[in-house]
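Text of the file my_file22.cif, holding mmCIF, C-alpha atoms:
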```cif
data_my_file
loop_
_atom_site.label_atom_id
_atom_site.label_comp_id
_atom_site.auth_asym_id
_atom_site.auth_seq_id
_atom_site.Cartn_x
_atom_site.Cartn_y
_atom_site.Cartn_z
CA MET X 1 126.35 43.18 89.38
CA SER X 2 126.32 43.43 93.16
CA ALA X 3 124.63 40.00 93.05
CA GLY X 4 127.69 38.54 91.35
CA LEU X 5 126.36 38.54 87.79
CA LYS X 6 128.61 39.44 84.90
CA VAL X 7 126.89 42.20 82.92
CA THR X 8 127.46 43.68 79.46
CA GLY X 9 125.45 46.63 78.20
CA LEU X 10 124.60 46.71 74.47
CA ASP X 11 123.38 49.95 72.92
CA VAL X 12 123.22 51.46 69.44
CA SER X 13 124.43 54.85 70.69
CA ASP X 14 128.18 55.45 70.53
CA HIS X 15 127.70 58.41 72.87
CA VAL X 16 125.97 56.35 75.57
CA VAL X 17 128.45 53.48 75.32
CA SER X 18 131.46 55.77 75.41
CA GLY X 19 130.05 57.60 78.40
CA LEU X 20 129.40 54.41 80.37
CA ASN X 21 132.84 53.03 79.64
CA ASN X 22 134.27 56.32 80.96
CA ALA X 23 132.08 56.27 84.11
CA VAL X 24 129.66 58.93 82.88
CA SER X 25 126.00 58.31 83.65
CA HIS X 26 123.26 59.46 81.27
CA VAL X 27 120.27 58.77 83.55
CA ASP X 28 118.99 60.42 86.73
CA ASP X 29 118.91 57.42 89.04
CA LEU X 30 122.46 56.27 88.38
CA SER X 31 125.35 58.50 89.39
CA SER X 32 128.70 58.52 87.69
CA GLU X 33 130.10 57.09 90.92
CA ASP X 34 127.68 54.17 90.55
CA VAL X 35 128.91 53.58 87.00
CA ARG X 36 132.50 53.66 88.21
CA GLY X 37 131.65 50.99 90.75
CA MET X 38 130.06 48.88 88.02
CA LEU X 39 133.15 49.18 85.86
CA ASP X 40 135.33 48.15 88.80
CA ARG X 41 133.21 45.01 89.14
CA GLY X 42 133.64 44.10 85.47
CA PHE X 43 130.83 45.89 83.63
CA THR X 44 131.44 46.82 80.01
CA ALA X 45 129.31 48.60 77.42
CA THR X 46 129.49 47.98 73.69
CA THR X 47 127.81 48.64 70.37
CA ASP X 48 128.90 45.23 69.03
CA PRO X 49 126.00 42.73 69.06
CA ALA X 50 128.51 39.86 68.98
CA CYS X 51 128.24 39.90 72.79
CA LEU X 52 124.76 38.35 72.43
CA ALA X 53 126.27 35.02 71.40
CA THR X 54 127.88 34.48 74.80
CA ALA X 55 125.08 35.84 77.00
CA ARG X 56 123.07 33.32 79.01
CA THR X 57 120.35 35.89 79.77
CA ILE X 58 119.37 38.73 77.42
CA VAL X 59 117.15 41.51 78.76
CA VAL X 60 115.58 43.73 76.08
CA CYS X 61 114.74 47.20 77.35
CA VAL X 62 114.54 49.32 74.22
CA PRO X 63 112.21 52.31 73.67
CA THR X 64 108.60 51.73 72.58
CA PRO X 65 107.39 55.19 71.54
CA LEU X 66 104.28 56.10 69.57
CA SER X 67 104.30 56.24 65.80
CA PRO X 68 103.38 59.52 64.03
CA GLU X 69 99.87 58.08 63.68
CA GLY X 70 99.60 57.54 67.43
CA GLY X 71 99.94 53.75 67.36
CA PRO X 72 102.69 51.48 68.71
CA ASP X 73 106.18 51.85 67.25
CA LEU X 74 107.88 48.49 67.78
CA ASN X 75 110.80 49.13 65.44
CA ALA X 76 113.35 49.00 68.25
CA VAL X 77 111.83 45.80 69.64
CA THR X 78 111.81 44.01 66.29
CA SER X 79 115.31 45.20 65.49
CA ALA X 80 116.57 43.89 68.83
CA ALA X 81 114.80 40.55 68.32
CA ARG X 82 116.31 40.09 64.86
CA SER X 83 119.76 40.89 66.18
CA ILE X 84 119.35 38.35 68.98
CA ALA X 85 118.03 35.68 66.58
CA THR X 86 121.20 35.65 64.52
CA ARG X 87 123.25 34.83 67.63
CA LEU X 88 120.79 32.96 69.87
CA GLN X 89 122.20 29.90 71.61
CA PRO X 90 120.30 26.93 73.08
CA GLY X 91 119.35 27.42 76.73
CA THR X 92 119.42 31.22 76.58
CA LEU X 93 116.82 33.18 78.55
CA VAL X 94 115.38 36.18 76.64
CA ILE X 95 113.29 38.69 78.58
CA LEU X 96 111.43 41.62 77.08
CA GLU X 97 111.03 44.56 79.49
CA SER X 98 109.88 47.22 77.03
CA THR X 99 106.30 48.32 77.61
CA THR X 100 103.99 47.13 74.86
CA TYR X 101 100.53 45.77 74.14
CA PRO X 102 99.44 42.32 75.32
CA GLY X 103 100.57 39.66 72.88
CA THR X 104 103.78 41.33 71.71
CA THR X 105 106.14 38.82 73.33
CA GLU X 106 104.34 35.83 71.85
CA GLU X 107 103.10 37.26 68.54
CA VAL X 108 105.96 39.59 67.55
CA VAL X 109 109.14 38.71 69.44
CA ARG X 110 108.76 34.92 69.48
CA PRO X 111 108.52 34.43 65.68
CA LEU X 112 111.52 36.67 65.10
CA LEU X 113 113.62 34.78 67.66
CA GLU X 114 112.54 31.44 66.19
CA GLU X 115 114.05 32.49 62.86
CA SER X 116 117.22 31.25 64.57
CA GLY X 117 115.91 27.70 64.11
CA LEU X 118 115.42 27.33 67.88
CA VAL X 119 111.97 26.90 69.41
CA ALA X 120 110.80 29.13 72.28
CA GLY X 121 109.88 27.14 75.37
CA ALA X 122 111.83 24.11 74.17
CA ASP X 123 115.27 25.27 73.01
CA PHE X 124 115.36 28.65 74.77
CA HIS X 125 113.35 30.48 77.43
CA LEU X 126 111.19 33.53 76.65
CA ALA X 127 109.49 35.83 79.18
CA PHE X 128 108.12 39.32 79.73
CA SER X 129 108.82 41.43 82.81
CA PRO X 130 107.70 45.08 82.83
CA GLU X 131 110.10 47.69 84.11
CA ARG X 132 108.93 49.49 87.24
CA ILE X 133 111.40 52.34 87.60
CA ASP X 134 110.21 55.58 89.17
CA PRO X 135 112.90 58.21 88.42
CA GLY X 136 113.74 60.32 91.42
CA ASN X 137 112.02 58.03 93.93
CA PRO X 138 114.28 57.91 97.02
CA THR X 139 112.44 54.96 98.59
CA TYR X 140 111.79 52.39 95.89
CA GLY X 141 114.37 51.14 93.41
CA VAL X 142 115.14 47.95 91.52
CA VAL X 143 115.87 45.83 94.58
CA ASN X 144 112.79 46.57 96.73
CA THR X 145 110.16 47.04 94.01
CA PRO X 146 108.32 43.76 93.35
CA LYS X 147 109.16 42.38 89.88
CA VAL X 148 106.33 40.96 87.79
CA VAL X 149 107.36 38.04 85.54
CA GLY X 150 105.35 36.10 82.97
CA GLY X 151 106.86 33.26 80.99
CA LEU X 152 105.81 31.78 77.66
CA THR X 153 105.74 28.42 79.48
CA ARG X 154 105.93 27.43 83.13
CA ASP X 155 109.63 26.62 82.74
CA CYS X 156 110.23 29.96 81.00
CA GLY X 157 108.58 31.77 83.89
CA GLU X 158 110.62 29.77 86.38
CA ALA X 159 113.87 30.64 84.62
CA ALA X 160 113.02 34.36 84.55
CA ALA X 161 111.91 34.33 88.19
CA ASN X 162 115.18 32.68 89.22
CA PHE X 163 117.15 35.30 87.29
CA TYR X 164 115.43 38.27 88.94
CA SER X 165 115.47 36.65 92.37
CA ALA X 166 119.23 37.04 92.35
CA PHE X 167 118.90 40.81 92.83
CA VAL X 168 115.22 41.65 93.49
CA ASN X 169 113.62 41.04 96.89
CA THR X 170 110.19 39.99 95.61
CA VAL X 171 109.30 38.33 92.32
CA VAL X 172 105.62 38.09 91.35
CA ARG X 173 104.71 35.31 88.92
CA ALA X 174 102.01 36.20 86.40
CA ARG X 175 100.18 33.42 84.56
CA GLY X 176 101.92 34.21 81.27
CA THR X 177 103.47 36.86 79.06
CA ARG X 178 100.13 38.47 78.16
CA GLU X 179 99.12 38.87 81.79
CA ALA X 180 102.49 40.44 82.63
CA GLU X 181 102.19 42.80 79.65
CA MET X 182 98.67 43.73 80.71
CA ALA X 183 99.75 44.37 84.31
CA LYS X 184 102.08 47.15 83.20
CA LEU X 185 99.42 48.79 81.04
CA LEU X 186 96.86 48.49 83.83
CA GLU X 187 99.17 50.29 86.27
CA ASN X 188 99.67 53.28 84.01
CA THR X 189 96.15 53.39 82.56
CA TYR X 190 94.86 53.54 86.13
CA ARG X 191 96.99 56.60 86.79
CA HIS X 192 96.17 58.15 83.42
CA VAL X 193 92.41 57.90 83.94
CA ASN X 194 92.49 59.17 87.53
CA ILE X 195 94.69 62.14 86.64
CA ALA X 196 92.23 62.97 83.87
CA LEU X 197 89.41 62.82 86.41
CA VAL X 198 90.95 65.44 88.69
CA ASN X 199 92.11 67.55 85.73
CA GLU X 200 88.53 67.79 84.50
CA MET X 201 87.38 68.56 88.03
CA ALA X 202 89.97 71.34 88.26
CA VAL X 203 88.40 73.07 85.26
CA PHE X 204 84.82 73.11 86.52
CA CYS X 205 85.75 73.62 90.19
CA GLN X 206 87.44 76.86 89.16
CA GLU X 207 84.15 77.98 87.58
CA LEU X 208 82.14 76.88 90.62
CA GLY X 209 84.45 78.58 93.12
CA ILE X 210 85.39 75.27 94.76
CA ASP X 211 88.84 74.69 96.23
CA LEU X 212 89.54 71.28 94.67
CA TRP X 213 92.86 70.90 96.47
CA ASP X 214 91.04 71.21 99.80
CA SER X 215 88.42 68.68 98.66
CA ILE X 216 91.06 66.17 97.60
CA ALA X 217 92.88 66.46 100.89
CA ALA X 218 89.64 66.06 102.83
CA ALA X 219 88.79 62.94 100.82
CA ALA X 220 92.31 61.59 101.37
CA THR X 221 91.69 61.37 105.11
CA LYS X 222 89.44 58.36 104.41
CA PRO X 223 91.59 55.36 105.41
CA PHE X 224 90.11 53.04 102.78
CA GLY X 225 88.68 53.12 99.26
CA PHE X 226 90.35 56.33 98.08
CA GLN X 227 93.73 57.30 96.62
CA ALA X 228 94.58 60.94 96.06
CA PHE X 229 95.48 62.20 92.59
CA TYR X 230 96.19 65.85 91.84
CA PRO X 231 95.60 68.10 88.82
CA GLY X 232 98.46 69.46 86.74
CA PRO X 233 99.43 71.01 83.40
CA GLY X 234 99.21 67.68 81.58
CA VAL X 235 100.89 64.28 81.77
CA GLY X 236 104.48 63.51 80.89
CA GLY X 237 107.22 60.92 81.01
CA HIS X 238 107.69 57.70 79.08
CA CYS X 239 104.71 55.88 80.62
CA ILE X 240 101.44 57.70 81.23
CA PRO X 241 101.17 59.63 77.92
CA ILE X 242 102.22 56.57 75.90
CA ASP X 243 101.37 53.25 77.54
CA PRO X 244 97.55 53.59 77.50
CA ASN X 245 97.77 54.15 73.74
CA TYR X 246 99.25 50.67 73.39
CA LEU X 247 96.29 49.18 75.22
CA SER X 248 93.84 51.28 73.21
CA TYR X 249 95.51 50.05 70.01
CA LYS X 250 95.07 46.40 71.03
CA VAL X 251 91.43 46.94 71.96
CA LYS X 252 90.76 48.57 68.58
CA THR X 253 91.96 45.41 66.85
CA LEU X 254 88.91 43.75 68.41
CA GLY X 255 86.66 46.22 66.64
CA TYR X 256 85.64 48.66 69.34
CA PRO X 257 87.15 51.70 71.09
CA PHE X 258 88.60 51.87 74.58
CA ARG X 259 86.51 54.85 75.55
CA PHE X 260 87.93 55.44 79.03
CA VAL X 261 91.47 55.78 77.69
CA GLU X 262 90.46 57.90 74.72
CA LEU X 263 88.51 60.29 76.96
CA ALA X 264 91.42 60.49 79.42
CA GLN X 265 93.78 61.29 76.54
CA GLU X 266 91.46 64.06 75.39
CA ILE X 267 91.15 65.60 78.85
CA ASN X 268 94.85 65.42 79.74
CA GLY X 269 95.80 66.59 76.24
CA ARG X 270 93.86 69.82 76.56
CA MET X 271 95.37 70.83 79.92
CA PRO X 272 98.20 72.89 78.33
CA ALA X 273 95.53 74.98 76.59
CA TYR X 274 93.71 75.41 79.89
CA VAL X 275 96.93 76.49 81.61
CA THR X 276 97.45 79.08 78.86
CA GLN X 277 93.87 80.31 79.30
CA ARG X 278 94.32 80.68 83.06
CA ALA X 279 97.61 82.52 82.51
CA GLN X 280 95.95 84.94 80.11
CA GLU X 281 93.10 85.58 82.54
CA LEU X 282 95.52 86.21 85.41
CA LEU X 283 97.38 88.78 83.32
CA ASN X 284 94.14 90.39 82.13
CA ASP X 285 92.97 90.79 85.72
CA SER X 286 96.10 92.87 86.29
CA GLY X 287 95.64 94.94 83.17
CA LEU X 288 98.34 93.15 81.18
CA ALA X 289 98.21 91.52 77.76
CA LEU X 290 99.80 88.11 77.25
CA SER X 291 101.14 89.25 73.88
CA ARG X 292 103.25 91.94 75.58
CA SER X 293 104.21 90.04 78.72
CA LYS X 294 107.33 88.35 79.96
CA VAL X 295 106.47 84.85 81.16
CA LEU X 296 108.77 82.71 83.29
CA LEU X 297 108.29 78.93 83.23
CA LEU X 298 109.45 77.18 86.38
CA GLY X 299 110.49 73.60 85.66
CA VAL X 300 110.45 72.00 82.21
CA THR X 301 110.97 68.33 83.11
CA TYR X 302 108.03 65.95 83.36
CA LYS X 303 108.38 65.39 87.12
CA ALA X 304 110.15 66.91 90.09
CA ASP X 305 113.88 66.74 90.78
CA ILE X 306 114.95 64.84 87.66
CA ALA X 307 116.33 65.94 84.29
CA ASP X 308 114.03 63.83 82.10
CA GLN X 309 112.03 65.97 79.66
CA ARG X 310 110.23 63.18 77.78
CA GLU X 311 106.65 64.18 76.92
CA SER X 312 106.83 67.05 79.42
CA PRO X 313 103.70 69.26 79.32
CA ALA X 314 106.02 72.27 79.56
CA ARG X 315 106.68 72.10 75.83
CA PRO X 316 103.04 72.33 74.63
CA VAL X 317 102.42 75.07 77.20
CA ALA X 318 105.39 76.99 75.81
CA ARG X 319 104.14 76.55 72.25
CA LYS X 320 100.75 77.98 73.10
CA LEU X 321 102.21 80.92 75.02
CA THR X 322 104.60 81.72 72.19
CA ALA X 323 101.78 81.54 69.65
CA LYS X 324 99.98 84.23 71.63
CA GLY X 325 103.03 86.51 71.58
CA ALA X 326 104.46 85.98 75.06
CA THR X 327 108.19 86.40 75.64
CA LEU X 328 109.43 83.28 77.42
CA THR X 329 112.27 82.44 79.76
CA TYR X 330 112.63 79.32 81.87
CA HIS X 331 114.26 78.25 85.10
CA ASP X 332 115.11 74.65 85.85
CA PRO X 333 118.00 73.51 88.06
CA HIS X 334 118.21 70.23 86.14
CA VAL X 335 118.10 71.47 82.53
CA GLU X 336 120.95 73.62 81.20
CA SER X 337 119.40 74.28 77.78
CA TRP X 338 115.88 73.92 76.42
CA GLN X 339 114.40 74.16 72.96
CA VAL X 340 110.82 74.31 71.73
CA ASP X 341 110.39 73.40 68.06
CA GLY X 342 114.10 74.00 67.49
CA VAL X 343 114.11 77.45 69.10
CA ASP X 344 116.27 78.05 72.18
CA ILE X 345 114.37 79.39 75.17
CA PRO X 346 116.55 81.67 77.35
CA ARG X 347 117.45 80.18 80.71
CA SER X 348 117.43 82.13 83.96
CA THR X 349 119.79 80.93 86.68
CA ASP X 350 119.01 83.54 89.36
CA LEU X 351 115.59 82.41 90.57
CA GLU X 352 114.73 85.42 92.68
CA ARG X 353 115.67 87.90 89.96
CA ALA X 354 113.81 85.87 87.36
CA LEU X 355 110.66 85.85 89.52
CA ALA X 356 110.87 89.59 90.06
CA ASP X 357 111.51 90.39 86.39
CA ALA X 358 108.67 88.31 84.96
CA ASP X 359 105.20 89.73 84.49
CA LEU X 360 103.88 86.23 85.12
CA THR X 361 105.43 83.04 86.46
CA ILE X 362 103.93 79.65 85.68
CA LEU X 363 105.14 76.81 87.88
CA LEU X 364 105.02 73.64 85.76
CA THR X 365 107.29 71.24 87.65
CA ASP X 366 107.45 71.12 91.43
CA HIS X 367 111.20 70.85 91.91
CA SER X 368 112.12 70.93 95.61
CA GLU X 369 114.04 74.15 95.01
CA TYR X 370 110.76 76.01 94.53
CA ARG X 371 109.76 77.06 98.05
CA PRO X 372 106.35 78.61 98.77
CA LYS X 373 107.72 81.53 100.78
CA GLN X 374 110.19 82.51 98.04
CA LEU X 375 107.55 82.28 95.33
CA GLU X 376 105.12 84.40 97.32
CA GLU X 377 107.73 87.05 98.07
CA TYR X 378 109.26 87.54 94.63
CA ALA X 379 106.66 86.61 92.00
CA ARG X 380 104.47 89.44 90.72
CA LEU X 381 101.87 87.07 89.35
CA LEU X 382 102.04 83.30 89.75
CA LEU X 383 100.03 80.40 88.37
CA ASP X 384 100.96 77.28 90.33
CA THR X 385 99.92 74.16 88.40
CA ARG X 386 101.37 71.71 90.96
CA GLY X 387 99.98 72.90 94.28
CA VAL X 388 103.33 74.02 95.69
CA LEU X 389 101.69 77.04 97.32
CA ARG X 390 99.43 74.67 99.24
CA ARG X 391 102.28 72.71 100.76
CA PRO X 392 104.16 73.43 103.98
CA ASP X 393 107.49 75.14 103.62
CA PRO X 394 109.88 72.85 105.53
CA GLU X 395 112.01 75.85 106.50
CA THR X 396 109.18 77.71 108.22
CA GLU X 397 106.39 75.30 109.19
CA ALA X 398 106.07 72.33 111.50
CA SER X 399 104.62 69.01 110.45
CA THR X 400 100.95 68.15 110.86
CA THR X 401 98.61 65.24 110.39
CA VAL X 402 96.64 67.22 107.80
CA PRO X 403 97.70 66.32 104.21
CA GLU X 404 100.40 68.73 103.17
CA GLN X 405 98.65 69.97 100.02
CA VAL X 406 96.18 71.95 102.15
CA ARG X 407 98.39 73.09 104.99
CA ARG X 408 98.61 76.55 103.47
CA HIS X 409 96.30 78.93 101.67
CA VAL X 410 97.22 81.38 98.94
CA PRO X 411 98.10 84.54 100.90
CA ARG X 412 97.59 87.37 98.42
CA GLU X 413 96.13 88.52 95.13
CA GLY X 414 98.02 87.54 92.01
CA LEU X 415 98.86 84.04 93.23
CA GLN X 416 96.67 81.23 91.94
CA VAL X 417 96.71 77.45 92.11
CA LEU X 418 95.39 75.48 89.15
#
```

Please go through the file and, once you have read it, give me the structure as structure tokens.
Amino acid sequence: MSAGLKVTGLDVSDHVVSGLNNAVSHVDDLSSEDVRGMLDRGFTATTDPACLATARTIVVCVPTPLSPEGGPDLNAVTSAARSIATRLQPGTLVILESTTYPGTTEEVVRPLLEESGLVAGADFHLAFSPERIDPGNPTYGVVNTPKVVGGLTRDCGEAAANFYSAFVNTVVRARGTREAEMAKLLENTYRHVNIALVNEMAVFCQELGIDLWDSIAAAATKPFGFQAFYPGPGVGGHCIPIDPNYLSYKVKTLGYPFRFVELAQEINGRMPAYVTQRAQELLNDSGLALSRSKVLLLGVTYKADIADQRESPARPVARKLTAKGATLTYHDPHVESWQVDGVDIPRSTDLERALADADLTILLTDHSEYRPKQLEEYARLLLDTRGVLRRPDPETEASTTVPEQVRRHVPREGLQVL
């Protein structure tokens, strides 16, 4: 809207629409003040699809979750396409941003839109442009993150590129819709596989007595040919746990498995069980039984300093701890209430008291509130799955050229890093 475009938001949720129209944001990266500014510039939200008939550009950014069988669930995409088709006007530009497998725009969305009687590439423009939002990232947002665009035809791609150029600094033209769809899956599959690599290393390095965090930081000093990834309790969010499954699904239609992705899924999927095992061992070393222990979970969102809980590994960790008889509480400055399988988990708001009261603390999300010095001072036993104990405490330590994950070493017994 700051680029002078008139914008209407269409959603099926009355709650979301009502909130937006009353300047209430429902996402981390958009404040209520931002929404108020949008409203002042003419933004409106609605649940009435009649607005599609007057739109010159329609951007589809609906959820693409996994089905119960683990395959793509395109129900929201097909529903949106059918709704657009009944109101599609000649000359309209339709862009799909929802992450999906290569071929969706052309094979699924195009036929549904052409039920309008209009032909894609001739009567209206059709393109795919993957979203590249990183919640909580203070440096990169919509404007300065390059936007990949692939059109069904050259003219479709040109129309989409012109649209995004109005408010994005750099637009990258892919050859077509399939290449743009594949680019998104490649980005997240790359991360998924590399996280699985270091997660598997974390398991055997523990057995070998190797400080993997130190090894990663040493490797990261190489100025070329290496990018650091770090182990954790699993993978979360709306991208890494889901997007590679879409690519694996497409590959399976060719008659063979995508073994790298399937292995990465297996490795990352078993990390909550490994975290539970390490927690039990840490308690046993102190003469405590997990079944009679009070366990505090620090952070239940999928990444630091946001409220998004989608696919967070905290939930499977909690399930496994509960199954073994542990009594759980959680602390998270961004989550006021939290349920696991419909059961409310008690929330602690006094961090220092919660640390002191718990027999064991498991740090699952590295919110900036969790400072190494405070954790060391108050936690009886601590399993740090995010390497916070290895980072410098900005309140007590000066900067250094050494990567921050190895600035510090665990100072006492009872504190462990995954």

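Take the candidates X:Asp285, X:Glu262, X:Asp134, X:Glu207 and check each one against Gly237 in chain X using only C-alpha atoms; the shortest distance goes to X:Asp134.
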
Using CA of Gly236 in chain X and CA of Leu389 in chain X as the two end points, give the distance in Å to one decimal. 21.5 Å

Enumerate, as a ChimeraX atom specification, the residues matched when the PyMOL selection byres ((chain X and resi 130) around 7) is run on the file above. /X:97-99,128-129,131-132,148,180-181,184

Which neighbours of Arg173 in chain X fall inside 9 Å, counting all atoms listed in the file, when residues of the same chain fewer than 3 positions from it are skipped, and could you give them as a ChimeraX atom specification? /X:147-151,157-158,161,176,180

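Residue nearest Pro72 in chain X within the list X:Asp243, X:Asp123, X:Glu114, X:Asp34: X:Asp243 [criterion: smallest interatomic distance, all atoms listed in the file].
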
Could you check which of X:Trp213, X:Phe167, X:Tyr101, X:Trp338 is closest to Val251 in chain X, using only C-alpha atoms? X:Tyr101

I need the output of the PyMOL selection byres ((chain X and resi 351) around 12) for this file as a ChimeraX atom specification; which residues are they? /X:296-299,329-333,347-350,352-358,361,369-371,374-375,377-379

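CA of Val172 in chain X to CA of Leu74 in chain X spans 25.9 Å [interatomic distance, one decimal].
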
Tell me which protein, DNA and RNA residues are within 10 Å of Glu376 in chain X, counting only C-alpha atoms, leaving out same-chain ones fewer than 4 positions away, and put them as a list in words. Leu355, Arg371, Pro372, Arg380, Leu381, Leu382, Leu389, Val410, Pro411, Arg412, Gly414 and Leu415 of chain X

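Interatomic distance, CA of Asn144 in chain X against CA of Leu96 in chain X: 20.3 Å.
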
Selected by the PyMOL selection byres ((chain X and resi 83) around 12) in the shown coordinates: which residues, as a ChimeraX atom specification? /X:10-12,47-53,58,60,76-82,84-88,109,112-116

Using only C-alpha atoms, determine which residues lie at most 10 Å from Arg292 in chain X, disregarding the query and same-chain residues fewer than 6 positions distant; provide the list as a PyMOL selection string. chain X and resi 324-327+359
